[in-house]
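See below for data-v4.cif, which holds mmCIF, C-alpha atoms.
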data_final
#
loop_
_atom_site.label_atom_id
_atom_site.label_comp_id
_atom_site.auth_asym_id
_atom_site.auth_seq_id
_atom_site.Cartn_x
_atom_site.Cartn_y
_atom_site.Cartn_z
CA MET C 171 -0.66 38.22 -4.04
CA ARG C 172 2.12 36.25 -2.38
CA TYR C 173 4.54 34.15 -4.42
CA SER C 174 3.28 30.97 -2.79
CA ASP C 175 -0.36 31.81 -3.68
CA PHE C 176 0.47 31.84 -7.38
CA ALA C 177 2.36 28.54 -7.04
CA VAL C 178 -0.64 26.93 -5.32
CA PHE C 179 -2.96 28.32 -8.03
CA VAL C 180 -0.81 26.88 -10.86
CA LEU C 181 -0.24 23.54 -9.13
CA MET C 182 -3.95 23.00 -8.50
CA ALA C 183 -4.84 23.96 -12.08
CA GLY C 184 -2.00 21.74 -13.30
CA PHE C 185 -3.05 18.72 -11.26
CA TYR C 186 -6.61 19.07 -12.53
CA VAL C 187 -5.54 19.37 -16.18
CA ALA C 188 -2.96 16.58 -15.90
CA GLY C 189 -5.39 14.35 -14.02
CA THR C 190 -8.32 14.89 -16.32
CA ALA C 191 -6.92 15.71 -19.78
CA ALA C 192 -3.40 14.24 -19.76
CA ILE C 193 -4.31 11.01 -17.96
CA GLY C 194 -7.86 11.06 -19.26
CA ARG C 195 -11.32 10.29 -17.97
CA ILE C 196 -11.63 6.69 -16.77
CA GLU C 197 -14.63 4.36 -16.76
CA ILE C 198 -14.40 1.54 -14.21
CA ALA C 199 -17.33 -0.86 -13.69
CA GLY C 200 -19.71 1.66 -15.23
CA LEU C 201 -18.48 4.47 -12.94
CA PHE C 202 -17.41 7.74 -14.52
CA ILE C 203 -14.12 8.86 -12.90
CA LYS C 204 -12.11 12.04 -13.48
CA PRO C 205 -8.72 11.55 -11.72
CA GLY C 206 -8.15 15.33 -11.60
CA GLU C 207 -11.00 15.61 -9.07
CA ILE C 208 -8.81 13.84 -6.48
CA VAL C 209 -7.23 17.17 -5.53
CA SER C 210 -10.57 18.80 -4.55
CA PRO C 211 -10.27 18.07 -0.77
CA LEU C 212 -6.82 19.75 -0.79
CA ILE C 213 -8.65 23.09 -0.87
CA ALA C 214 -9.09 22.61 2.87
CA LEU C 215 -5.29 22.61 3.16
CA PHE C 216 -4.31 25.37 0.73
CA GLY C 217 -7.28 27.76 0.85
CA VAL C 218 -8.62 30.26 -1.67
CA PRO C 219 -5.68 30.22 -4.18
CA ALA C 220 -6.19 26.45 -4.48
CA LEU C 221 -9.93 26.91 -4.97
CA LEU C 222 -9.38 29.42 -7.77
CA GLY C 223 -6.67 27.26 -9.37
CA PHE C 224 -8.97 24.22 -9.31
CA LEU C 225 -11.80 26.18 -10.92
CA PHE C 226 -9.48 27.61 -13.59
CA GLY C 227 -8.10 24.16 -14.40
CA GLN C 228 -11.59 22.70 -14.53
CA PHE C 229 -12.95 25.47 -16.75
CA MET C 230 -10.05 25.14 -19.20
CA THR C 231 -10.27 21.33 -19.25
CA ASN C 232 -14.03 21.39 -19.76
CA SER C 233 -13.57 23.73 -22.72
CA ALA C 234 -12.26 20.62 -24.49
CA SER C 235 -14.96 18.34 -23.02
CA PRO C 236 -16.63 15.70 -25.20
CA PHE C 237 -19.94 16.89 -23.71
CA GLY C 238 -19.67 20.27 -25.43
CA PRO C 239 -20.11 23.85 -24.14
CA MET C 240 -22.68 22.80 -21.52
CA ASP C 241 -19.80 21.28 -19.55
CA LEU C 242 -18.49 24.81 -18.87
CA LEU C 243 -21.42 25.23 -16.46
CA THR C 244 -19.90 22.47 -14.33
CA THR C 245 -17.62 25.15 -12.88
CA ILE C 246 -20.61 26.85 -11.20
CA PHE C 247 -21.65 23.63 -9.43
CA ALA C 248 -18.02 22.92 -8.61
CA LEU C 249 -17.72 26.39 -7.03
CA ALA C 250 -20.65 25.65 -4.75
CA GLY C 251 -19.16 22.28 -3.77
CA LEU C 252 -15.66 23.67 -3.27
CA LEU C 253 -17.05 26.43 -1.06
CA ALA C 254 -18.62 23.68 1.05
CA ILE C 255 -15.18 22.06 1.45
CA TYR C 256 -13.53 25.40 2.22
CA LEU C 257 -16.15 26.62 4.70
CA MET C 258 -16.37 23.26 6.47
CA ARG C 259 -12.60 22.71 6.62
CA ARG C 260 -12.51 23.12 10.41
CA GLN C 261 -15.56 20.95 11.09
CA SER C 262 -15.26 18.08 8.61
CA VAL C 263 -13.32 18.07 5.37
CA LEU C 264 -14.80 14.69 4.46
CA LEU C 265 -18.37 15.97 4.80
CA GLY C 266 -17.53 18.99 2.63
CA ALA C 267 -15.94 16.71 0.04
CA LEU C 268 -19.02 14.46 0.02
CA ILE C 269 -21.27 17.50 -0.54
CA TYR C 270 -18.99 18.45 -3.44
CA ALA C 271 -19.20 14.94 -4.90
CA VAL C 272 -23.00 14.80 -4.70
CA LEU C 273 -23.49 18.31 -6.15
CA THR C 274 -21.14 17.85 -9.10
CA GLY C 275 -22.23 14.22 -9.57
CA ILE C 276 -25.90 15.15 -9.96
CA TRP C 277 -25.03 17.90 -12.44
CA THR C 278 -22.71 15.60 -14.44
CA ALA C 279 -25.42 12.93 -14.56
CA TYR C 280 -27.92 15.47 -15.91
CA LEU C 281 -25.29 16.58 -18.44
CA ILE C 282 -24.57 13.01 -19.59
CA SER C 283 -28.24 12.14 -19.96
CA THR C 284 -28.96 15.38 -21.85
CA VAL C 285 -26.04 15.08 -24.26
CA THR C 286 -25.94 11.31 -24.82
CA GLY C 287 -29.60 10.47 -24.21
CA ALA C 288 -28.70 7.94 -21.50
CA LEU C 289 -31.18 7.14 -18.72
CA LEU C 290 -30.88 9.65 -15.86
CA SER C 291 -30.88 6.90 -13.22
CA GLU C 292 -27.97 5.11 -14.91
CA ALA C 293 -26.10 8.37 -15.40
CA LEU C 294 -26.65 9.23 -11.73
CA MET C 295 -25.13 5.91 -10.65
CA ALA C 296 -22.13 6.41 -12.93
CA ALA C 297 -21.46 10.05 -12.14
CA VAL C 298 -22.27 10.30 -8.41
CA GLY C 299 -20.64 6.92 -7.71
CA GLY C 300 -17.51 7.95 -9.60
CA GLN C 301 -17.32 11.31 -7.85
CA LEU C 302 -17.76 9.72 -4.41
CA ILE C 303 -14.90 7.28 -5.04
CA THR C 304 -12.70 10.11 -6.34
CA VAL C 305 -13.24 12.49 -3.41
CA ILE C 306 -12.78 9.70 -0.87
CA ALA C 307 -9.43 8.91 -2.53
CA GLY C 308 -8.74 12.66 -2.42
CA TYR C 309 -9.57 12.77 1.28
CA LEU C 310 -7.00 10.04 1.91
CA VAL C 311 -4.42 12.10 -0.01
CA TYR C 312 -5.39 15.14 2.09
CA SER C 313 -5.03 13.17 5.35
CA TRP C 314 -1.58 11.96 4.26
CA LEU C 315 -0.39 15.38 3.03
CA ARG C 316 -1.33 17.29 6.16
CA ARG C 317 1.02 15.05 8.14
CA LEU C 318 3.97 15.97 5.92
CA GLU C 319 6.32 18.67 7.12
CA PRO C 320 5.86 21.29 4.39
CA PHE C 321 2.09 21.39 4.98
CA ARG C 322 2.02 20.87 8.74
CA PRO C 323 2.63 24.50 9.71
CA ILE C 324 -0.23 25.71 7.47
CA HIS C 325 -2.59 23.18 9.02
CA ALA C 326 -1.35 23.79 12.56
CA GLN C 327 -1.73 27.53 12.01
CA SER C 328 -5.31 27.16 10.82
CA ILE C 329 -6.16 24.99 13.86
CA GLU C 330 -4.48 27.52 16.12
CA GLN C 331 -6.50 30.34 14.54
CA HIS C 332 -9.64 28.24 15.01
CA HIS C 333 -8.95 27.69 18.72
CA TYR C 334 -8.18 31.38 19.11
CA SER C 335 -11.44 32.43 17.44
CA GLU C 336 -13.32 29.89 19.59
CA TYR C 337 -11.71 31.42 22.67
CA GLU C 338 -12.61 34.92 21.44
CA ARG C 339 -16.22 33.88 20.89
CA ARG C 340 -16.53 32.55 24.47
CA MET X 52 43.41 53.91 -0.69
CA SER X 53 46.00 52.44 -3.09
CA ALA X 54 46.52 53.67 -6.64
CA GLU X 55 45.15 50.38 -8.01
CA THR X 56 41.95 50.66 -5.97
CA ASN X 57 41.53 54.23 -7.15
CA ALA X 58 41.94 53.13 -10.73
CA HIS X 59 39.35 50.39 -10.23
CA ALA X 60 36.92 52.82 -8.63
CA ALA X 61 37.37 55.22 -11.54
CA HIS X 62 36.87 52.31 -13.93
CA GLU X 63 33.68 51.22 -12.18
CA GLU X 64 32.41 54.78 -12.47
CA HIS X 65 33.22 54.68 -16.17
CA GLU X 66 31.23 51.42 -16.54
CA GLU X 67 28.18 52.88 -14.82
CA GLY X 68 28.23 55.86 -17.16
CA SER X 69 29.01 53.97 -20.38
CA ILE X 70 27.46 55.36 -23.55
CA TRP X 71 27.62 52.03 -25.37
CA PRO X 72 24.19 50.68 -24.35
CA ALA X 73 22.57 53.80 -25.82
CA ILE X 74 24.61 53.58 -29.03
CA VAL X 75 23.91 49.86 -29.54
CA GLY X 76 20.24 50.38 -28.66
CA LEU X 77 19.78 53.21 -31.15
CA ASN X 78 21.63 51.29 -33.84
CA THR X 79 19.32 48.33 -33.36
CA ILE X 80 16.65 50.61 -34.86
CA ALA X 81 18.94 51.04 -37.88
CA LEU X 82 19.28 47.26 -38.10
CA ILE X 83 15.52 46.68 -37.99
CA ALA X 84 14.88 49.44 -40.55
CA GLY X 85 17.62 47.98 -42.76
CA LEU X 86 16.17 44.47 -42.53
CA ILE X 87 12.69 45.70 -43.39
CA LEU X 88 13.97 47.66 -46.42
CA LEU X 89 16.09 44.69 -47.50
CA LEU X 90 13.61 41.84 -47.02
CA LYS X 91 10.65 43.77 -48.43
CA GLY X 92 12.82 44.83 -51.38
CA ILE X 93 11.92 48.51 -50.96
CA TYR X 94 15.42 50.05 -51.01
CA THR X 95 17.81 47.10 -51.16
CA THR X 96 20.99 49.23 -51.22
CA VAL X 97 19.93 51.43 -48.30
CA GLY X 98 18.88 48.31 -46.42
CA LEU X 99 22.26 46.66 -46.98
CA ILE X 100 24.09 49.81 -45.89
CA LEU X 101 22.09 49.99 -42.64
CA VAL X 102 22.70 46.30 -41.87
CA PHE X 103 26.45 46.63 -42.55
CA TYR X 104 26.54 49.84 -40.52
CA PHE X 105 25.12 47.93 -37.56
CA ILE X 106 27.60 45.06 -38.00
CA ALA X 107 30.53 47.53 -38.26
CA LEU X 108 29.41 49.28 -35.10
CA LEU X 109 29.12 45.96 -33.31
CA VAL X 110 32.70 45.11 -34.33
CA VAL X 111 33.93 48.50 -33.01
CA PHE X 112 32.06 47.87 -29.76
CA VAL X 113 33.61 44.42 -29.30
CA VAL X 114 37.15 45.63 -30.18
CA PHE X 115 37.02 48.55 -27.73
CA GLU X 116 35.16 46.89 -24.90
CA VAL X 117 36.28 43.26 -24.91
CA ARG X 118 39.50 44.06 -23.04
CA GLN X 119 37.48 45.18 -20.02
CA TRP X 120 35.07 42.28 -19.90
CA GLN X 121 37.23 40.14 -17.63
CA HIS X 122 37.39 42.92 -15.06
CA VAL X 123 33.67 43.72 -15.42
CA ILE X 124 32.72 40.07 -14.84
CA SER X 125 35.04 39.59 -11.87
CA SER X 126 33.92 42.85 -10.21
CA PHE X 127 30.26 41.86 -10.83
CA PHE X 128 30.73 38.56 -8.99
CA GLU X 129 32.73 40.31 -6.27
CA ARG X 130 29.85 42.69 -5.67
CA LEU X 131 27.35 39.85 -5.92
CA GLN X 132 29.02 37.89 -3.13
CA LYS X 133 28.84 40.88 -0.82
CA THR X 134 25.24 41.79 -1.69
CA PRO X 135 22.49 40.04 0.27
CA ILE X 136 19.41 39.14 -1.77
CA PRO X 137 16.44 41.12 -0.47
CA ALA X 138 13.77 38.72 0.78
CA GLU X 139 11.06 41.23 0.02
CA PRO X 140 11.97 43.70 -2.71
CA GLU X 141 9.77 46.64 -3.61
CA LYS X 142 6.23 45.40 -3.37
CA VAL X 143 3.18 45.26 -5.57
CA GLY X 144 1.01 43.24 -3.24
CA SER X 145 4.00 41.19 -2.03
CA VAL X 146 5.40 40.52 -5.51
CA GLY X 147 8.51 42.52 -6.37
CA PHE X 148 7.78 45.46 -8.68
CA PRO X 149 10.25 44.42 -11.44
CA THR X 150 8.85 40.87 -11.34
CA ALA X 151 5.27 42.13 -11.45
CA LEU X 152 6.10 44.41 -14.39
CA PHE X 153 7.86 41.61 -16.22
CA LEU X 154 4.97 39.21 -15.70
CA LEU X 155 2.53 41.87 -16.84
CA THR X 156 4.37 42.24 -20.16
CA GLU X 157 4.54 38.44 -20.49
CA THR X 158 0.82 38.13 -19.83
CA ALA X 159 0.10 40.83 -22.42
CA PHE X 160 2.36 39.06 -24.90
CA PHE X 161 0.72 35.66 -24.53
CA ALA X 162 -2.76 37.19 -24.36
CA SER X 163 -2.17 38.86 -27.72
CA ALA X 164 -0.71 35.63 -29.16
CA PHE X 165 -3.73 33.59 -28.02
CA GLY X 166 -6.07 36.39 -29.10
CA ALA X 167 -4.60 36.43 -32.61
CA TYR X 168 -4.82 32.63 -32.76
CA PHE X 169 -8.51 32.56 -31.81
CA LEU X 170 -9.36 35.49 -34.05
CA ILE X 171 -7.87 33.85 -37.14
CA ARG X 172 -9.20 30.42 -36.14
CA SER X 173 -12.72 31.87 -36.04
CA THR X 174 -12.46 32.82 -39.73
CA PHE X 175 -12.00 29.14 -40.71
CA PRO X 176 -15.24 27.17 -41.22
CA VAL X 177 -13.56 23.96 -40.03
CA TRP X 178 -10.71 23.60 -37.54
CA PRO X 179 -8.14 22.07 -37.97
CA PRO X 180 -8.25 23.06 -41.66
CA PRO X 181 -8.80 20.20 -44.14
CA GLY X 182 -5.54 18.45 -45.04
CA ALA X 183 -3.85 19.33 -41.73
CA PRO X 184 -2.26 16.33 -40.00
CA HIS X 185 -3.69 14.88 -36.81
CA LEU X 186 -1.46 16.04 -33.93
CA GLU X 187 -0.61 13.10 -31.65
CA ASN X 188 -1.01 14.14 -28.03
CA PHE X 189 1.08 11.41 -26.38
CA ILE X 190 4.28 13.49 -26.03
CA PRO X 191 2.42 16.67 -24.93
CA ARG X 192 0.71 14.61 -22.20
CA ILE X 193 4.10 13.51 -20.91
CA GLN X 194 5.36 17.10 -21.19
CA THR X 195 2.38 18.29 -19.11
CA ILE X 196 3.27 15.87 -16.33
CA ILE X 197 6.98 16.84 -16.59
CA LEU X 198 6.28 20.59 -16.27
CA LEU X 199 3.86 19.99 -13.43
CA THR X 200 6.51 17.97 -11.60
CA SER X 201 9.02 20.76 -12.22
CA SER X 202 6.65 23.24 -10.56
CA VAL X 203 6.64 20.97 -7.51
CA THR X 204 10.46 20.73 -7.45
CA ILE X 205 10.95 24.52 -7.72
CA GLU X 206 8.52 24.97 -4.83
CA LEU X 207 10.53 22.41 -2.84
CA ALA X 208 13.61 24.56 -3.52
CA VAL X 209 11.79 27.65 -2.19
CA TRP X 210 10.59 25.72 0.85
CA SER X 211 14.15 24.48 1.48
CA ALA X 212 15.40 28.08 1.27
CA LYS X 213 12.86 29.10 3.92
CA LYS X 214 14.11 26.24 6.09
CA GLY X 215 17.77 27.20 5.53
CA ASN X 216 18.49 23.87 3.83
CA ASN X 217 20.96 24.89 1.10
CA ARG X 218 21.43 21.37 -0.25
CA GLY X 219 17.67 21.09 -0.66
CA VAL X 220 17.62 24.41 -2.53
CA LEU X 221 20.31 23.24 -4.93
CA ALA X 222 18.67 19.83 -5.41
CA GLY X 223 15.28 21.45 -6.11
CA ILE X 224 16.74 23.88 -8.64
CA LEU X 225 18.79 21.20 -10.41
CA ALA X 226 15.78 18.84 -10.57
CA THR X 227 13.71 21.66 -12.11
CA MET X 228 16.48 22.34 -14.63
CA VAL X 229 16.71 18.66 -15.61
CA LEU X 230 12.94 18.44 -16.06
CA GLY X 231 13.01 21.61 -18.19
CA ILE X 232 15.78 20.13 -20.35
CA VAL X 233 13.84 16.86 -20.75
CA PHE X 234 10.77 18.90 -21.73
CA MET X 235 12.76 20.69 -24.45
CA GLY X 236 14.44 17.44 -25.47
CA LEU X 237 11.05 15.85 -26.14
CA LYS X 238 9.93 18.88 -28.14
CA LEU X 239 13.06 19.48 -30.23
CA GLY X 240 14.37 15.91 -30.30
CA ILE X 241 11.24 13.86 -30.93
CA GLU X 242 8.05 15.84 -31.55
CA TRP X 243 9.16 18.55 -33.97
CA PRO X 244 11.46 16.34 -36.11
CA ARG X 245 8.62 13.82 -36.43
CA LEU X 246 6.15 16.51 -37.48
CA ILE X 247 8.57 18.17 -39.92
CA TYR X 248 10.30 15.16 -41.52
CA GLU X 249 7.66 12.42 -41.26
CA LEU X 250 4.42 14.35 -41.66
CA GLY X 251 5.76 17.33 -43.60
CA PHE X 252 4.06 19.68 -41.13
CA THR X 253 6.24 22.80 -41.17
CA PRO X 254 5.80 26.49 -40.26
CA ALA X 255 5.02 26.99 -43.96
CA SER X 256 2.02 24.60 -43.79
CA GLY X 257 -0.56 27.38 -43.78
CA PHE X 258 -1.90 29.24 -40.77
CA TYR X 259 -2.34 26.02 -38.80
CA GLY X 260 1.36 25.20 -39.14
CA SER X 261 2.65 28.72 -38.51
CA SER X 262 0.41 29.26 -35.46
CA PHE X 263 1.43 25.87 -34.03
CA TYR X 264 5.16 26.58 -34.36
CA ILE X 265 4.89 30.21 -33.20
CA LEU X 266 2.89 29.38 -30.05
CA THR X 267 4.86 26.28 -29.06
CA GLY X 268 8.17 27.86 -30.17
CA VAL X 269 7.64 31.02 -28.12
CA HIS X 270 6.71 28.90 -25.12
CA GLY X 271 9.80 26.74 -25.71
CA ALA X 272 11.96 29.89 -25.81
CA HIS X 273 10.52 30.83 -22.42
CA VAL X 274 11.40 27.40 -21.06
CA VAL X 275 14.98 27.84 -22.36
CA GLY X 276 15.08 31.29 -20.71
CA GLY X 277 13.84 29.67 -17.51
CA ILE X 278 16.58 27.03 -17.67
CA ILE X 279 19.23 29.79 -18.02
CA VAL X 280 17.80 31.68 -15.03
CA LEU X 281 17.65 28.42 -13.07
CA ALA X 282 21.34 27.86 -13.87
CA ILE X 283 22.10 31.31 -12.40
CA ALA X 284 19.98 30.45 -9.34
CA ALA X 285 21.87 27.14 -9.00
CA GLY X 286 25.16 29.05 -9.08
CA ARG X 287 23.94 31.37 -6.35
CA ALA X 288 22.64 28.43 -4.31
CA LYS X 289 26.10 26.85 -4.58
CA LEU X 290 27.58 30.10 -3.22
CA GLY X 291 25.09 29.85 -0.33
CA HIS X 292 23.28 33.08 -1.22
CA PHE X 293 19.77 31.95 -0.32
CA LYS X 294 18.89 32.39 3.34
CA PRO X 295 15.56 31.85 5.17
CA LYS X 296 14.96 35.62 5.25
CA SER X 297 16.73 36.44 2.00
CA HIS X 298 15.68 34.56 -1.14
CA GLY X 299 13.79 37.10 -3.24
CA PHE X 300 15.55 36.03 -6.43
CA LEU X 301 14.53 32.40 -5.96
CA ASP X 302 10.93 33.50 -5.31
CA ALA X 303 10.96 35.46 -8.58
CA VAL X 304 12.42 32.47 -10.47
CA SER X 305 9.71 30.17 -9.09
CA LEU X 306 7.03 32.69 -10.06
CA TYR X 307 8.36 32.83 -13.62
CA TRP X 308 8.62 29.05 -13.87
CA ASN X 309 5.06 28.57 -12.61
CA PHE X 310 3.89 31.15 -15.14
CA VAL X 311 5.57 29.17 -17.94
CA ASP X 312 3.84 26.04 -16.62
CA LEU X 313 0.46 27.80 -16.64
CA ILE X 314 0.95 28.90 -20.26
CA TRP X 315 1.78 25.31 -21.22
CA LEU X 316 -1.45 24.04 -19.63
CA MET X 317 -3.40 26.43 -21.83
CA LEU X 318 -1.38 25.53 -24.93
CA PHE X 319 -1.87 21.83 -24.28
CA LEU X 320 -5.64 22.21 -23.95
CA ILE X 321 -6.06 24.62 -26.87
CA ILE X 322 -3.75 22.97 -29.42
CA TRP X 323 -3.86 19.25 -28.66
CA GLU X 324 -7.12 18.77 -26.76
CA GLY X 325 -9.14 21.11 -29.00
CA ALA X 326 -10.44 23.55 -26.39
CA PHE X 327 -13.33 25.81 -27.46
CA LEU X 328 -13.80 23.89 -30.71
CA TRP X 329 -17.58 23.54 -30.64
#
Structure re-expressed in structure tokens:
Amino acid sequence: MRYSDFAVFVLMAGFYVAGTAAIGRIEIAGLFIKPGEIVSPLIALFGVPALLGFLFGQFMTNSASPFGPMDLLTTIFALAGLLAIYLMRRQSVLLGALIYAVLTGIWTAYLISTVTGALLSEALMAAVGGQLITVIAGYLVYSWLRRLEPFRPIHAQSIEQHHYSEYERR
Amino acid sequence: MSAETNAHAAHEEHEEGSIWPAIVGLNTIALIAGLILLLKGIYTTVGLILVFYFIALLVVFVVFEVRQWQHVISSFFERLQKTPIPAEPEKVGSVGFPTALFLLTETAFFASAFGAYFLIRSTFPVWPPPGAPHLENFIPRIQTIILLTSSVTIELAVWSAKKGNNRGVLAGILATMVLGIVFMGLKLGIEWPRLIYELGFTPASGFYGSSFYILTGVHGAHVVGGIIVLAIAAGRAKLGHFKPKSHGFLDAVSLYWNFVDLIWLMLFLIIWEGAFLW
């Protein structure tokens, strides 16, 4: 473990907890929004430590979820979605983020309808719609961050590695 | 070599081989034994003797050693200025061995504290216990955001060190210190007085009260420890000790601070947000 890996892990967990528990879940125009989810596309920038930090933060936050223990399973669906972001980071971060939003949105909708008895169609609208808005906002944050100096070398390095592996493949 | 330098060298040798740490360490056992005997009322006289024995020894230590402290401190800083900070100390997967060992003991400590909390909580049919006050989470929410921001500022200090920007290092460390002080100010200046004086929620308010104050108090003590270490790091940044290839101490400080932040996240969720309360 490098020092910076632990920092990334804590910061991602922290942003998730602060965004979801400290700020709180928000309902706008019937859409179910968790502000902590905004950081999900940043996994493309910070890699595996960020992925693990996000999952840890989500698991801990969901342990205090109003939806009960079933919400802990959200982490499994989140893992699948986050892996999509991570594995597709060189092709399209936005596409990976959208896959994440749809996967976790469908699961959250099922969770809401099971726990509260709401109609699945309405829950789907609220959860998937909310997740899509959140990850798109997150993608904008990602696009802005990767232009900043502290993060530019990491990004440039990953692109360089990509070009090198492409060259190797040919 | 002059006579004075020789004398200093001999003195330094004497400091390295001092027997006092061993004597004070061993007598701490006498102090603890004395306190146990005294507070439990087993052998009050023996307990008192042991406590006074420790105090007497401490007085002897101060009287004999205090004359040399000025020289010890000045020679320490003299050596410090000449010693480069290793960028990569002994490694345990890139983390310095002393830091890794320290964090391991800290993890074990907090794991046992949380373990004890959950174990006792599981014996209560309802949690929080009936009659316990509702803990407002407004201040802890602000504290969460403050500590998170402080993790960002300490990382900016590390990044500045890597870039060779000494002013950035100092600014990052000072910002982290200020945020840590604000965090403690909110806890000791607003939250705890309100709980103790307005709601009557004290460490004596049953297990709920004692566990709350132990967990948040121990975490607070770690934040205070972090602020002290940050002050040392700020002093070293002012002396221009941190270089792009030599900032191991700052790395270790940032690791510790992030660890304290991580513990707070768990405390916040478990105590105020009611994690695992199904």
Pick out the chain X residues within 7 Å of chain C. Count only C-alpha atoms. Give them as a PDB file with C-alpha atoms, in the coordinates of the input.
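Once written, result_38.pdb looks like this:
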ATOM      1  CA  GLY X 144       1.010  43.240  -3.240  1.00  0.00           C
ATOM      2  CA  SER X 145       4.000  41.190  -2.030  1.00  0.00           C
ATOM      3  CA  VAL X 146       5.400  40.520  -5.510  1.00  0.00           C
ATOM      4  CA  ARG X 192       0.710  14.610 -22.200  1.00  0.00           C
ATOM      5  CA  THR X 195       2.380  18.290 -19.110  1.00  0.00           C
ATOM      6  CA  ILE X 196       3.270  15.870 -16.330  1.00  0.00           C
ATOM      7  CA  LEU X 199       3.860  19.990 -13.430  1.00  0.00           C
ATOM      8  CA  ASP X 302      10.930  33.500  -5.310  1.00  0.00           C
ATOM      9  CA  LEU X 306       7.030  32.690 -10.060  1.00  0.00           C
ATOM     10  CA  ASN X 309       5.060  28.570 -12.610  1.00  0.00           C
ATOM     11  CA  LEU X 313       0.460  27.800 -16.640  1.00  0.00           C
ATOM     12  CA  LEU X 316      -1.450  24.040 -19.630  1.00  0.00           C
ATOM     13  CA  LEU X 320      -5.640  22.210 -23.950  1.00  0.00           C
ATOM     14  CA  GLU X 324      -7.120  18.770 -26.760  1.00  0.00           C
ATOM     15  CA  GLY X 325      -9.140  21.110 -29.000  1.00  0.00           C
ATOM     16  CA  ALA X 326     -10.440  23.550 -26.390  1.00  0.00           C
ATOM     17  CA  PHE X 327     -13.330  25.810 -27.460  1.00  0.00           C
ATOM     18  CA  TRP X 329     -17.580  23.540 -30.640  1.00  0.00           C
TER      19      TRP X 329
END
*For Met295 in chain C, which residue among C:Leu215, C:Leu249, C:Leu201, C:Leu273 is the nearest when counting all atoms listed in the file?*
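When distances to Met295 in chain C are compared using all atoms listed in the file, the smallest one comes from C:Leu201.
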_Given all atoms listed in the file as the counted atoms, nearest of X:Asn217, X:Gln119, X:Ser163, X:Thr158 to Phe310 in chain X_ = X:Thr158
*Work out how far apart CA of Met228 in chain X and CA of Ile278 in chain X are and give it in Å to one decimal.*
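Going from CA of Met228 in chain X over to CA of Ile278 in chain X covers 5.6 Å.
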*Write out as a PyMOL selection string each polymer residue whose atoms come within 10 Å of Ala248 in chain C, counting all atoms listed in the file; drop sequence neighbours fewer than 2 positions from it.*
chain C and resi 210+221+224-225+228-229+243-246+250-254+270-271+273-275+277
Just C-alpha atoms for this one: save the residues we selected as an mmCIF file, keeping the file's coordinate frame.
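Written file, part.cif:
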data_model
loop_
_atom_site.group_PDB
_atom_site.id
_atom_site.type_symbol
_atom_site.label_atom_id
_atom_site.label_comp_id
_atom_site.auth_asym_id
_atom_site.auth_seq_id
_atom_site.Cartn_x
_atom_site.Cartn_y
_atom_site.Cartn_z
ATOM 1 C CA SER C 210 -10.570 18.800 -4.550
ATOM 2 C CA LEU C 221 -9.930 26.910 -4.970
ATOM 3 C CA PHE C 224 -8.970 24.220 -9.310
ATOM 4 C CA LEU C 225 -11.800 26.180 -10.920
ATOM 5 C CA GLN C 228 -11.590 22.700 -14.530
ATOM 6 C CA PHE C 229 -12.950 25.470 -16.750
ATOM 7 C CA LEU C 243 -21.420 25.230 -16.460
ATOM 8 C CA THR C 244 -19.900 22.470 -14.330
ATOM 9 C CA THR C 245 -17.620 25.150 -12.880
ATOM 10 C CA ILE C 246 -20.610 26.850 -11.200
ATOM 11 C CA ALA C 250 -20.650 25.650 -4.750
ATOM 12 C CA GLY C 251 -19.160 22.280 -3.770
ATOM 13 C CA LEU C 252 -15.660 23.670 -3.270
ATOM 14 C CA LEU C 253 -17.050 26.430 -1.060
ATOM 15 C CA ALA C 254 -18.620 23.680 1.050
ATOM 16 C CA TYR C 270 -18.990 18.450 -3.440
ATOM 17 C CA ALA C 271 -19.200 14.940 -4.900
ATOM 18 C CA LEU C 273 -23.490 18.310 -6.150
ATOM 19 C CA THR C 274 -21.140 17.850 -9.100
ATOM 20 C CA GLY C 275 -22.230 14.220 -9.570
ATOM 21 C CA TRP C 277 -25.030 17.900 -12.440
#
*Measure the distance from CA of Leu221 in chain X to CA of Lys294 in chain X in Å and round it to one decimal.*
12.4 Å
*Kindly extract all protein, DNA and RNA residues lying within 12 Å of the coordinates (30.7, 45.6, -31.6) given in the file, considering all atoms listed in the file, and supply them as JSON, numbers by chain.*
{"X": [71, 72, 74, 75, 76, 78, 79, 103, 104, 105, 106, 107, 108, 109, 110, 111, 112, 113, 114, 115, 116, 117]}
_Please compute the CA of His273 in chain X-CA of Leu318 in chain X distance, one decimal, in Å._
13.3 Å
*Which polymer residues have any atom within 9 Å of an atom of Ala285 in chain X, counting only C-alpha atoms, with same-chain residues fewer than 4 positions away left out, as JSON, numbers by chain?*
{"X": [220, 221, 222, 224, 225, 280, 281, 289, 290]}
*Using only C-alpha atoms, which residues sit within 10 Å of Ala84 in chain X once same-chain residues fewer than 4 positions away are excluded, as a list in words?*
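Listed by chain and then number, they are Asn78, Thr79, Ile80, Leu88, Leu89, Val97, Gly98, Leu101 and Val102 of chain X.
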